[in-house]
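Coordinates from structure-v2.txt are shown below (compact mmCIF, C-alpha atoms).
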```
# COMPACT_ATOMS: atom_id res chain seq x y z
CA MET A 325 -4.17 28.41 4.34
CA MET A 326 -0.45 28.28 4.02
CA ALA A 327 0.87 29.13 0.59
CA GLY A 328 4.37 27.91 -0.13
CA GLY A 329 6.94 30.08 1.59
CA PHE A 330 9.48 27.39 2.35
CA ASP A 331 13.14 28.12 2.65
CA ALA A 332 15.35 27.04 -0.25
CA SER A 333 17.54 25.14 2.19
CA ASP A 334 14.62 22.77 2.51
CA GLY A 335 15.56 21.37 -0.90
CA GLY A 336 17.14 18.11 0.17
CA LYS A 337 14.44 17.52 2.69
CA ALA A 338 11.84 18.22 0.00
CA GLU A 339 13.40 15.64 -2.26
CA ARG A 340 13.25 12.98 0.44
CA PHE A 341 9.75 13.99 1.32
CA LYS A 342 8.52 13.84 -2.26
CA THR A 343 10.07 10.43 -2.84
CA LEU A 344 8.32 9.02 0.20
CA ALA A 345 5.04 10.87 0.15
CA LEU A 346 4.00 11.54 -3.44
CA PRO A 347 3.46 7.89 -4.42
CA LEU A 348 0.65 7.90 -1.86
CA LEU A 349 -1.29 10.72 -3.53
CA ASP A 350 -4.11 8.59 -4.95
CA GLU A 351 -4.57 6.75 -1.68
CA LEU A 352 -4.71 9.98 0.29
CA TYR A 353 -7.07 11.55 -2.20
CA THR A 354 -9.36 8.54 -1.98
CA LEU A 355 -9.64 8.86 1.81
CA ALA A 356 -10.15 12.62 1.51
CA ARG A 357 -12.85 12.10 -1.10
CA TYR A 358 -14.76 9.81 1.24
CA LEU A 359 -14.29 12.10 4.25
CA ALA A 360 -14.73 15.55 2.73
CA ARG A 361 -18.00 16.96 1.44
CA ASN A 362 -16.99 17.29 -2.18
CA ALA A 363 -14.11 17.05 -4.62
CA SER A 364 -12.92 20.59 -4.09
CA ASP A 365 -12.78 20.23 -0.29
CA ALA A 366 -10.94 16.94 -0.76
CA GLU A 367 -8.32 18.56 -2.97
CA ASP A 368 -7.78 21.35 -0.46
CA ALA A 369 -7.50 18.84 2.37
CA VAL A 370 -4.91 16.73 0.54
CA GLN A 371 -2.87 19.78 -0.36
CA GLU A 372 -2.98 21.04 3.22
CA CYS A 373 -2.02 17.55 4.41
CA TYR A 374 1.10 17.52 2.22
CA LEU A 375 2.15 21.01 3.30
CA ARG A 376 1.56 20.25 6.96
CA ALA A 377 3.38 16.91 6.67
CA PHE A 378 6.32 18.62 5.01
CA ARG A 379 6.49 21.26 7.74
CA HIS A 380 6.58 18.53 10.36
CA PHE A 381 8.74 16.12 8.37
CA ASP A 382 11.58 16.66 10.86
CA THR A 383 9.44 15.09 13.54
CA PHE A 384 8.81 12.01 11.37
CA ARG A 385 11.19 9.44 12.85
CA GLY A 386 11.21 6.72 10.25
CA GLY A 387 8.68 3.96 10.61
CA PRO A 388 5.82 3.57 8.18
CA ILE A 389 4.97 6.87 6.52
CA LYS A 390 1.53 5.83 5.34
CA PRO A 391 -0.31 5.88 8.68
CA TRP A 392 1.53 9.08 9.61
CA LEU A 393 0.23 10.82 6.49
CA PHE A 394 -3.26 9.37 6.80
CA ALA A 395 -3.45 10.63 10.39
CA ILE A 396 -2.52 14.16 9.29
CA LEU A 397 -5.05 14.05 6.47
CA ARG A 398 -7.79 12.85 8.78
CA ASN A 399 -7.11 15.69 11.21
CA VAL A 400 -7.22 18.19 8.36
CA CYS A 401 -10.51 16.75 7.09
CA PHE A 402 -12.17 16.77 10.50
CA ALA A 403 -10.83 20.19 11.45
CA GLY A 404 -12.31 21.54 8.23
CA ARG A 405 -15.81 20.93 9.48
CA ALA A 406 -16.50 19.85 13.03
CA GLY A 407 -18.54 16.68 13.02
CA ALA A 408 -19.83 15.06 9.91
CA ALA A 409 -22.11 16.47 7.33
CA ARG A 410 -22.94 13.67 4.94
CA LEU A 411 -20.87 13.72 1.87
CA THR A 412 -22.17 13.04 -1.58
CA LEU A 413 -20.20 10.96 -4.00
CA SER A 414 -22.15 11.56 -7.14
CA PRO A 415 -22.53 8.80 -9.73
CA ASP A 416 -20.71 10.92 -12.31
CA GLU A 417 -17.67 10.95 -10.05
CA PRO A 418 -14.37 11.36 -11.96
CA GLU A 419 -12.61 8.30 -13.10
CA THR A 420 -11.57 5.55 -10.79
CA ALA A 421 -7.92 5.42 -9.89
CA GLN A 422 -6.22 3.32 -12.51
CA PRO A 423 -4.03 0.69 -11.01
CA MET A 424 -0.46 0.64 -12.28
CA TRP A 425 -1.22 -2.68 -13.88
CA ARG A 426 -3.83 -3.60 -16.45
CA GLU A 427 -6.88 -5.36 -15.08
CA PRO A 428 -8.44 -8.10 -17.24
CA ALA A 429 -10.84 -6.43 -19.66
CA ASP A 430 -14.56 -6.64 -18.87
CA THR A 431 -17.17 -7.63 -21.40
CA PRO A 432 -19.63 -4.75 -22.03
CA GLU A 433 -22.18 -6.42 -19.75
CA GLN A 434 -19.63 -6.89 -16.99
CA ALA A 435 -18.54 -3.28 -17.41
CA VAL A 436 -22.09 -2.01 -16.88
CA LEU A 437 -22.59 -4.22 -13.84
CA ARG A 438 -19.27 -3.21 -12.36
CA ARG A 439 -20.04 0.45 -12.96
CA GLN A 440 -23.40 0.11 -11.20
CA ASN A 441 -21.83 -1.88 -8.42
CA THR A 442 -19.11 0.74 -7.99
CA ASP A 443 -21.56 3.67 -7.96
CA THR A 444 -23.83 1.94 -5.45
CA MET A 445 -21.01 0.90 -3.18
CA ARG A 446 -19.46 4.37 -3.19
CA ARG A 447 -22.79 5.93 -2.34
CA LEU A 448 -23.46 3.47 0.48
CA ILE A 449 -20.01 3.96 2.00
CA GLY A 450 -20.57 7.71 1.72
CA GLU A 451 -23.78 7.39 3.71
CA LEU A 452 -22.13 5.65 6.68
CA PRO A 453 -21.48 7.77 9.77
CA ALA A 454 -17.98 9.24 9.60
CA GLU A 455 -16.43 7.03 12.30
CA PHE A 456 -17.58 3.91 10.44
CA ARG A 457 -16.83 5.30 7.00
CA GLU A 458 -13.19 5.97 7.77
CA VAL A 459 -12.45 2.48 9.08
CA ILE A 460 -14.13 0.91 6.04
CA VAL A 461 -12.13 3.06 3.63
CA LEU A 462 -8.84 2.46 5.45
CA ARG A 463 -9.41 -1.28 5.67
CA GLU A 464 -11.26 -2.22 2.48
CA ILE A 465 -9.96 0.33 0.00
CA ASN A 466 -6.52 1.25 1.29
CA ASP A 467 -5.81 -2.18 2.80
CA LEU A 468 -4.31 -0.94 6.06
CA SER A 469 -3.69 -3.34 8.95
CA TYR A 470 -5.64 -2.95 12.20
CA ARG A 471 -2.50 -1.60 13.83
CA ASP A 472 -2.08 1.10 11.18
CA ILE A 473 -5.76 2.02 11.33
CA ALA A 474 -5.42 2.33 15.11
CA THR A 475 -2.54 4.76 14.57
CA VAL A 476 -4.52 6.82 12.07
CA ILE A 477 -7.69 7.16 14.13
CA GLU A 478 -5.77 7.38 17.41
CA ALA A 479 -7.76 4.62 19.07
CA PRO A 480 -6.96 1.19 20.50
CA ILE A 481 -7.08 -1.84 18.19
CA GLY A 482 -10.16 -3.10 20.06
CA THR A 483 -12.01 0.04 19.00
CA VAL A 484 -10.91 -0.47 15.41
CA MET A 485 -12.29 -4.01 15.50
CA SER A 486 -15.64 -3.10 17.01
CA ARG A 487 -16.12 -0.14 14.66
CA LEU A 488 -15.22 -2.21 11.67
CA ALA A 489 -17.70 -4.90 12.73
CA ARG A 490 -20.51 -2.38 13.14
CA ALA A 491 -19.58 -0.59 9.93
CA ARG A 492 -19.77 -3.81 7.96
CA GLU A 493 -23.10 -4.69 9.53
CA GLN A 494 -24.59 -1.35 8.49
CA LEU A 495 -23.05 -1.47 5.08
CA ARG A 496 -24.29 -4.95 4.43
CA ALA A 497 -27.84 -4.05 5.47
CA ALA A 498 -27.77 -1.01 3.19
CA TRP A 499 -26.32 -3.05 0.36
CA ILE A 500 -29.06 -5.65 0.58
CA ALA A 501 -31.70 -2.92 0.73
CA ALA A 502 -30.20 -1.21 -2.32
CA ASP A 503 -30.08 -4.52 -4.16
CA ARG A 504 -33.78 -5.17 -3.51
CA GLY A 505 -34.68 -1.61 -4.40
CA GLY A 506 -32.72 -1.86 -7.62
CA ALA A 507 -34.24 -5.20 -8.59
CA SER A 508 -37.88 -4.19 -8.11
CA MET B 721 -15.57 -20.53 21.64
CA THR B 722 -18.93 -18.81 21.98
CA CYS B 723 -20.78 -17.22 19.07
CA GLU B 724 -20.36 -13.86 20.75
CA GLU B 725 -16.57 -14.22 20.74
CA ALA B 726 -16.64 -15.53 17.20
CA ALA B 727 -18.71 -12.58 15.98
CA VAL B 728 -15.80 -10.14 16.32
CA LEU B 729 -13.10 -12.64 15.42
CA LEU B 730 -14.79 -13.48 12.10
CA HIS B 731 -13.82 -10.00 10.92
CA ALA B 732 -10.24 -10.47 12.05
CA LEU B 733 -10.24 -13.81 10.23
CA ILE B 734 -11.26 -12.39 6.84
CA ASP B 735 -8.88 -9.48 7.38
CA GLY B 736 -5.96 -11.84 7.89
CA GLU B 737 -5.33 -10.40 11.36
CA LEU B 738 -5.38 -13.65 13.33
CA ASP B 739 -2.36 -15.76 14.14
CA ALA B 740 -2.51 -19.38 13.04
CA GLY B 741 -3.70 -20.64 16.42
CA HIS B 742 -6.65 -18.26 16.72
CA ALA B 743 -7.55 -18.71 13.07
CA ARG B 744 -7.81 -22.46 13.64
CA GLU B 745 -10.03 -21.91 16.69
CA VAL B 746 -12.39 -19.65 14.77
CA GLU B 747 -12.49 -22.02 11.82
CA ALA B 748 -13.22 -24.92 14.14
CA HIS B 749 -16.13 -23.00 15.64
CA VAL B 750 -17.48 -22.03 12.21
CA ALA B 751 -17.32 -25.67 11.12
CA THR B 752 -19.74 -26.64 13.88
CA CYS B 753 -22.00 -23.56 13.97
CA ALA B 754 -24.37 -22.91 11.08
CA GLY B 755 -25.17 -19.39 12.29
CA CYS B 756 -21.54 -18.25 12.38
CA ALA B 757 -20.82 -20.02 9.10
CA ALA B 758 -23.63 -18.00 7.48
CA ARG B 759 -22.27 -14.77 8.98
CA LEU B 760 -18.82 -15.55 7.65
CA ARG B 761 -20.24 -16.11 4.15
CA GLU B 762 -22.09 -12.79 4.36
CA LEU B 763 -18.94 -10.96 5.33
CA GLN B 764 -16.98 -12.59 2.55
CA GLU B 765 -19.68 -11.61 0.06
CA LEU B 766 -19.54 -8.02 1.16
CA SER B 767 -15.75 -7.89 1.03
CA GLY B 768 -15.88 -9.53 -2.38
CA ALA B 769 -18.36 -6.94 -3.64
CA MET B 770 -16.11 -4.15 -2.43
CA ALA B 771 -13.00 -5.72 -3.89
CA SER B 772 -14.61 -6.08 -7.31
CA SER B 773 -15.91 -2.50 -7.30
CA ARG B 774 -13.45 0.20 -8.22
CA LEU B 775 -13.66 2.23 -5.08
CA ARG B 776 -10.39 4.09 -5.28
CA ILE B 777 -10.60 7.56 -6.71
CA ALA B 778 -7.75 9.03 -8.71
CA ALA B 779 -6.37 12.41 -7.69
CA PRO B 780 -6.67 14.95 -10.50
CA GLY B 781 -3.32 15.41 -12.27
CA GLU B 782 -3.58 19.11 -11.61
CA LEU B 783 -3.57 18.47 -7.84
CA ARG B 784 -0.21 16.70 -8.05
CA THR B 785 1.24 19.62 -10.00
CA ARG B 786 -0.17 22.09 -7.49
CA ILE B 787 1.32 20.21 -4.52
CA GLU B 788 4.71 19.76 -6.18
CA GLY B 789 4.70 23.48 -6.98
CA LYS B 790 4.24 24.38 -3.33
CA LEU B 791 7.12 22.27 -2.09
CA PRO B 792 10.61 23.72 -2.40
CA VAL B 793 12.73 22.72 -5.36
CA PRO B 794 16.13 21.22 -4.53
CA ARG B 795 19.02 23.63 -5.22
CA ALA B 796 21.59 21.26 -6.60
CA THR B 797 20.14 18.37 -8.51
CA ALA B 798 21.33 15.75 -6.11
CA SER B 799 21.12 12.36 -7.73
CA ARG B 800 17.63 11.00 -7.43
CA ARG B 801 19.06 7.60 -6.89
CA GLY B 802 19.37 6.49 -3.35
CA VAL B 803 17.92 9.58 -1.72
CA ILE B 804 16.47 7.42 0.98
CA GLY B 805 19.73 5.58 1.33
CA GLY B 806 21.46 8.85 2.07
CA PHE B 807 18.68 9.71 4.44
CA ALA B 808 18.85 6.46 6.35
CA ALA B 809 22.62 6.30 6.41
CA GLY B 810 22.84 9.98 7.35
CA ALA B 811 20.49 9.59 10.25
CA GLY B 812 22.30 6.45 11.32
CA VAL B 813 25.70 8.07 11.16
CA SER B 814 24.82 11.11 13.25
CA ALA B 815 23.10 9.00 15.87
CA LEU B 816 26.08 6.68 16.07
CA ALA B 817 28.64 9.46 16.08
CA ALA B 818 26.84 10.82 19.09
CA SER B 819 27.15 7.51 20.87
CA GLY B 820 30.73 6.93 19.76
CA LEU B 821 30.05 3.72 17.91
CA LEU B 822 30.89 4.93 14.44
CA LEU B 823 33.73 2.48 13.82
CA LEU B 824 31.64 -0.58 14.32
CA VAL B 825 29.13 0.06 11.65
CA THR B 826 30.83 0.35 8.30
CA GLN B 827 29.60 -3.02 7.13
CA ARG B 828 26.17 -2.56 8.49
CA ASN B 829 26.06 0.82 6.81
CA ASP B 830 26.73 -0.74 3.45
CA ARG B 831 23.87 -3.12 3.91
CA GLN B 832 21.71 -0.26 5.11
CA ARG B 833 22.65 1.79 2.07
CA ILE B 834 21.57 -0.99 -0.30
CA LEU B 835 18.37 -1.39 1.68
CA GLY B 836 17.73 2.32 1.18
CA GLU B 837 18.46 2.00 -2.52
CA VAL B 838 16.10 -0.90 -2.94
CA VAL B 839 13.27 0.98 -1.23
CA SER B 840 14.11 4.10 -3.27
CA ALA B 841 13.93 2.13 -6.49
CA HIS B 842 10.63 0.58 -5.39
CA LEU B 843 9.14 4.02 -4.70
CA ARG B 844 10.50 5.41 -7.96
CA SER B 845 8.83 2.60 -9.86
CA LEU B 846 5.49 3.52 -8.30
CA GLN B 847 5.87 7.22 -8.82
CA ALA B 848 7.28 7.53 -12.29
CA LYS B 849 4.76 5.20 -13.91
CA HIS B 850 7.68 3.05 -14.89
CA LEU B 851 6.68 -0.06 -13.10
CA ILE B 852 6.85 -2.45 -16.00
CA ASP B 853 8.88 -2.66 -19.23
CA VAL B 854 7.44 -5.94 -20.35
CA GLU B 855 3.86 -6.45 -19.31
CA SER B 856 2.72 -10.03 -19.16
CA SER B 857 1.31 -12.49 -16.71
CA ASP B 858 3.06 -15.25 -18.65
CA GLN B 859 6.43 -16.29 -17.25
CA HIS B 860 7.40 -17.60 -20.69
CA THR B 861 7.08 -14.07 -22.09
CA VAL B 862 8.77 -12.26 -19.23
CA LYS B 863 11.82 -14.49 -18.86
CA PRO B 864 13.07 -14.33 -22.48
CA TRP B 865 12.56 -10.58 -22.53
CA PHE B 866 15.61 -10.20 -20.28
CA ASN B 867 17.78 -12.17 -22.72
CA GLY B 868 20.44 -9.94 -24.21
CA ARG B 869 19.48 -7.12 -21.88
CA LEU B 870 21.28 -8.55 -18.87
CA ASP B 871 24.02 -11.00 -18.06
CA LEU B 872 21.72 -13.13 -16.03
CA ALA B 873 18.64 -15.20 -16.56
CA PRO B 874 16.37 -13.98 -13.78
CA PRO B 875 14.11 -16.52 -12.17
CA VAL B 876 10.57 -15.77 -13.34
CA VAL B 877 7.85 -17.94 -11.87
CA ASP B 878 4.10 -17.63 -12.08
CA LEU B 879 2.60 -17.49 -8.58
CA THR B 880 -0.96 -16.57 -9.56
CA ALA B 881 -2.33 -19.78 -8.11
CA GLN B 882 -0.60 -18.89 -4.83
CA GLY B 883 -2.22 -15.47 -4.72
CA PHE B 884 0.60 -13.39 -6.19
CA THR B 885 -0.16 -12.17 -9.70
CA LEU B 886 2.76 -11.80 -12.09
CA LEU B 887 2.55 -8.37 -13.72
CA GLY B 888 5.75 -8.33 -15.75
CA GLY B 889 9.37 -7.27 -15.55
CA ARG B 890 11.64 -4.27 -15.98
CA LEU B 891 15.27 -3.23 -15.91
CA ASP B 892 16.47 -1.09 -13.05
CA THR B 893 19.74 -0.18 -11.39
CA LEU B 894 20.96 -1.03 -7.96
CA ASP B 895 24.32 -0.05 -6.55
CA ALA B 896 25.08 1.44 -10.01
CA LYS B 897 24.63 -1.92 -11.73
CA PRO B 898 21.78 -3.08 -13.97
CA VAL B 899 19.42 -5.54 -12.34
CA ALA B 900 16.31 -7.45 -13.32
CA VAL B 901 13.07 -6.70 -11.53
CA ILE B 902 10.14 -9.08 -11.58
CA VAL B 903 6.89 -7.40 -10.61
CA TYR B 904 4.06 -9.10 -8.77
CA ARG B 905 1.04 -7.88 -6.94
CA ARG B 906 -1.19 -9.02 -4.12
CA ARG B 907 -4.49 -7.14 -3.86
CA VAL B 908 -3.48 -3.47 -4.15
CA HIS B 909 0.15 -4.02 -3.16
CA VAL B 910 2.94 -4.10 -5.70
CA ILE B 911 5.90 -6.39 -4.99
CA ASN B 912 9.15 -5.60 -6.77
CA LEU B 913 11.57 -8.52 -6.79
CA PHE B 914 15.11 -7.27 -7.51
CA CYS B 915 17.58 -9.84 -8.85
CA ALA B 916 21.27 -8.94 -8.98
CA PRO B 917 24.03 -11.28 -10.13
CA ALA B 918 26.34 -12.23 -7.27
CA PRO B 919 28.67 -14.93 -8.57
CA GLY B 920 29.96 -17.10 -5.78
CA ALA B 921 27.61 -15.68 -3.18
CA ALA B 922 26.70 -18.27 -0.60
CA ASN B 923 23.02 -19.17 -0.38
CA SER B 924 21.40 -17.46 2.56
CA VAL B 925 18.06 -17.72 4.29
CA PRO B 926 15.60 -14.84 3.85
CA THR B 927 15.76 -12.02 6.37
CA MET B 928 13.13 -9.33 6.76
CA GLU B 929 14.00 -5.68 7.21
CA SER B 930 11.88 -2.61 7.00
CA LEU B 931 12.30 1.04 6.11
CA HIS B 932 9.57 3.68 6.27
CA GLY B 933 6.86 1.09 6.29
CA TYR B 934 8.20 -0.82 3.31
CA ASN B 935 9.23 -4.36 4.01
CA VAL B 936 12.26 -5.87 2.34
CA LEU B 937 12.89 -9.59 2.25
CA ARG B 938 16.49 -10.33 1.31
CA TRP B 939 18.19 -13.59 0.46
CA SER B 940 20.79 -15.17 -1.85
CA GLU B 941 20.35 -18.19 -4.02
CA ASN B 942 22.11 -19.75 -7.03
CA GLY B 943 24.54 -16.87 -7.47
CA LEU B 944 21.83 -14.21 -7.21
CA ASN B 945 21.09 -11.63 -4.56
CA LEU B 946 17.35 -11.17 -4.23
CA TRP B 947 15.28 -8.45 -2.57
CA ALA B 948 11.49 -8.50 -2.47
CA VAL B 949 10.13 -5.05 -1.62
CA SER B 950 6.56 -4.06 -0.88
CA ASP B 951 4.24 -2.19 1.43
CA LEU B 952 2.61 -5.55 1.97
CA ASN B 953 2.76 -6.71 5.60
CA ALA B 954 5.78 -8.76 6.66
CA GLU B 955 3.82 -11.98 7.05
CA GLU B 956 2.49 -12.01 3.52
CA LEU B 957 5.82 -10.92 2.11
CA SER B 958 7.46 -13.88 3.88
CA GLU B 959 4.79 -16.05 2.36
CA PHE B 960 5.74 -14.64 -1.02
CA GLY B 961 9.37 -15.61 -0.36
CA ASP B 962 8.34 -19.15 0.60
CA LYS B 963 6.09 -19.62 -2.42
CA PHE B 964 8.75 -18.23 -4.71
CA GLU B 965 11.41 -20.56 -3.33
CA THR B 966 9.12 -23.56 -3.58
CA ALA B 967 8.19 -22.73 -7.18
CA MET B 968 11.86 -22.27 -8.07
CA LYS B 969 12.71 -25.75 -6.91
CA GLN B 970 10.07 -27.40 -9.06
```

Have the structure of the file written as structure tokens, please.
Amino acid sequence: MMAGGFDASDGGKAERFKTLALPLLDELYTLARYLARNASDAEDAVQECYLRAFRHFDTFRGGPIKPWLFAILRNVCFAGRAGAARLTLSPDEPETAQPMWREPADTPEQAVLRRQNTDTMRRLIGELPAEFREVIVLREINDLSYRDIATVIEAPIGTVMSRLARAREQLRAAWIAADRGGAS
Amino acid sequence: MTCEEAAVLLHALIDGELDAGHAREVEAHVATCAGCAARLRELQELSGAMASSRLRIAAPGELRTRIEGKLPVPRATASRRGVIGGFAAGAGVSALAASGLLLLVTQRNDRQRILGEVVSAHLRSLQAKHLIDVESSDQHTVKPWFNGRLDLAPPVVDLTAQGFTLLGGRLDTLDAKPVAVIVYRRRVHVINLFCAPAPGAANSVPTMESLHGYNVLRWSENGLNLWAVSDLNAEELSEFGDKFETAMKQ
């Protein structure tokens, strides 16, 4: 693990880097949380991603920074543990990222339903195989385009499309099963 | 179109990844095929369930502090304003100096600098938790709020029905002058609409530019310069511009 140690002359570069990269912290953490085993691994991965991205910031030649950062994070996450142990997103997961705007308030009943829905959906996404999980998170939660997802996972757009299709099929089947299980 | 072809394209349809022609083809197939219509409904249900769940997970505040602590601190406190502008212009200048074209670009540079500033201000609004000064989805609350704060009456229109939710407004600065910003969102994407007074400016058609993955739609209308900035894709940001223009004329 790299611990600081940057030259002070990196100051201006750091300022540019922070302005561009720090607003994406919650989005990066979300992906890390779905890819890493637990919260502590996710935090380490995000931190390592930022340090690595900063070290290589000179090689970032404009263009969208989001897929560039996501790609680094993904490599960090997968390098951390070859393959894919299944992660656990526990129901008592820390609070959901608050959007910068206020959502319409739920009634207490709606709040309970939404909470259950959120817990179930997080668990089901967590149980998908890693190559399906990442496309679902990038598409459905982080709202990346197919092109950007292709950049992040270093695969052609056709692969993105077929993985996304299969991921949704699995997720839907699991969702229906969970719904029946919950209702009985 | 066969059902097999449609099966993959249904996903692209709900993800907004099809051009108009292909979207029409898929929709035409769905209209005549009960099986594919059912699949499309299933997919929309699933996407809806995910959209209404809160699946994003906030980074612990302590993680941000830790990361900021590991990055170097700038020596001189260079102005935070326009850091990207400097970046973009700087990169542009050295590249052009190398190719001997420096003299041709002064004007373009100015435009590029403002583009950088607009994107900087957009990012700052997302980072500093200073997105909105007046929070309301009601245009009749947001518009009067600017009275007395600025020498212009910014155009505030409600575009919720068109898929762009009005979040509110705030004051910001652009090119060292105060400007009005109207804030909208689509799904998870914030759109900052900067309005700067430009008396006598000729109306101009919207043009799309992009910097670091942020799209900027720029146009002039009724003595105002307008910039809509977002990480939303260019197509939907153009749509925003169209809807905004249409609503303004009503």

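Counting from atom CA of Val370 of chain A, the distance to atom CA of Thr343 of chain A is 16.6 Å.
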
Atom CA of Gly889 of chain B to atom CA of Ile902 of chain B, straight-line distance in Å:
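So the two atoms, atom CA of Ile902 of chain B and atom CA of Gly889 of chain B, lie 4.4 Å apart.
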
Between A:Leu462, A:Met485, A:Ala435, A:Cys401, smallest distance to chain B by only C-alpha atoms belongs to A:Met485

Please identify all residues of chain B having at least one atom at most 6 Å from any atom of chain A, considering all atoms listed in the file, and return them as a PyMOL selection string.
chain B and resi 773-774+776-779+787+790+792-795+847+932-933

As an exercise, work out the distance from atom CA of Ile734 of chain B to atom CA of Thr966 of chain B in Å and give it to one decimal place.
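Straight-line distance from atom CA of Ile734 of chain B to atom CA of Thr966 of chain B works out to 25.5 Å.
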
If you count only C-alpha atoms, which residues fall within 9 Å of segment 739-742 of chain B, apart from same-chain ones fewer than 5 positions away, as a JSON list (two decimals) with C-alpha atoms, in the frame of the given file?
```json
[["chain", "number", "residue", "atom", "x", "y", "z"],
["B", 729, "LEU", "CA", -13.10, -12.64, 15.42],
["B", 733, "LEU", "CA", -10.24, -13.81, 10.23],
["B", 747, "GLU", "CA", -12.49, -22.02, 11.82]]
```

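Comparing A:Leu448, A:Ala377, A:Ala369, A:Ile396 by their smallest distance to Ala502 of chain A, the closest is A:Leu448 (using only C-alpha atoms).
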
Closest to Thr880 of chain B among B:Arg844, B:Arg938, B:Lys963, B:Lys897, using all atoms listed in the file?
B:Lys963

Quick one: residues within 8 Å of Arg457 of chain A, all atoms listed in the file, excluding same-chain residues fewer than 5 positions away - as a PDB file with C-alpha atoms, keeping the file's coordinate frame?
```pdb
ATOM      1  CA  TYR A 358     -14.760   9.810   1.240  1.00  0.00           C
ATOM      2  CA  LEU A 359     -14.290  12.100   4.250  1.00  0.00           C
ATOM      3  CA  ILE A 449     -20.010   3.960   2.000  1.00  0.00           C
ATOM      4  CA  GLY A 450     -20.570   7.710   1.720  1.00  0.00           C
ATOM      5  CA  GLU A 451     -23.780   7.390   3.710  1.00  0.00           C
ATOM      6  CA  LEU A 452     -22.130   5.650   6.680  1.00  0.00           C
ATOM      7  CA  ALA A 491     -19.580  -0.590   9.930  1.00  0.00           C
TER       8      ALA A 491
END
```

Quick one: residues within 12 Å of segment 858-868 of chain B, all atoms listed in the file, excluding same-chain residues fewer than 2 positions away - as number ranges by chain?
B: 852-856, 870-880, 885-892, 898-904, 915
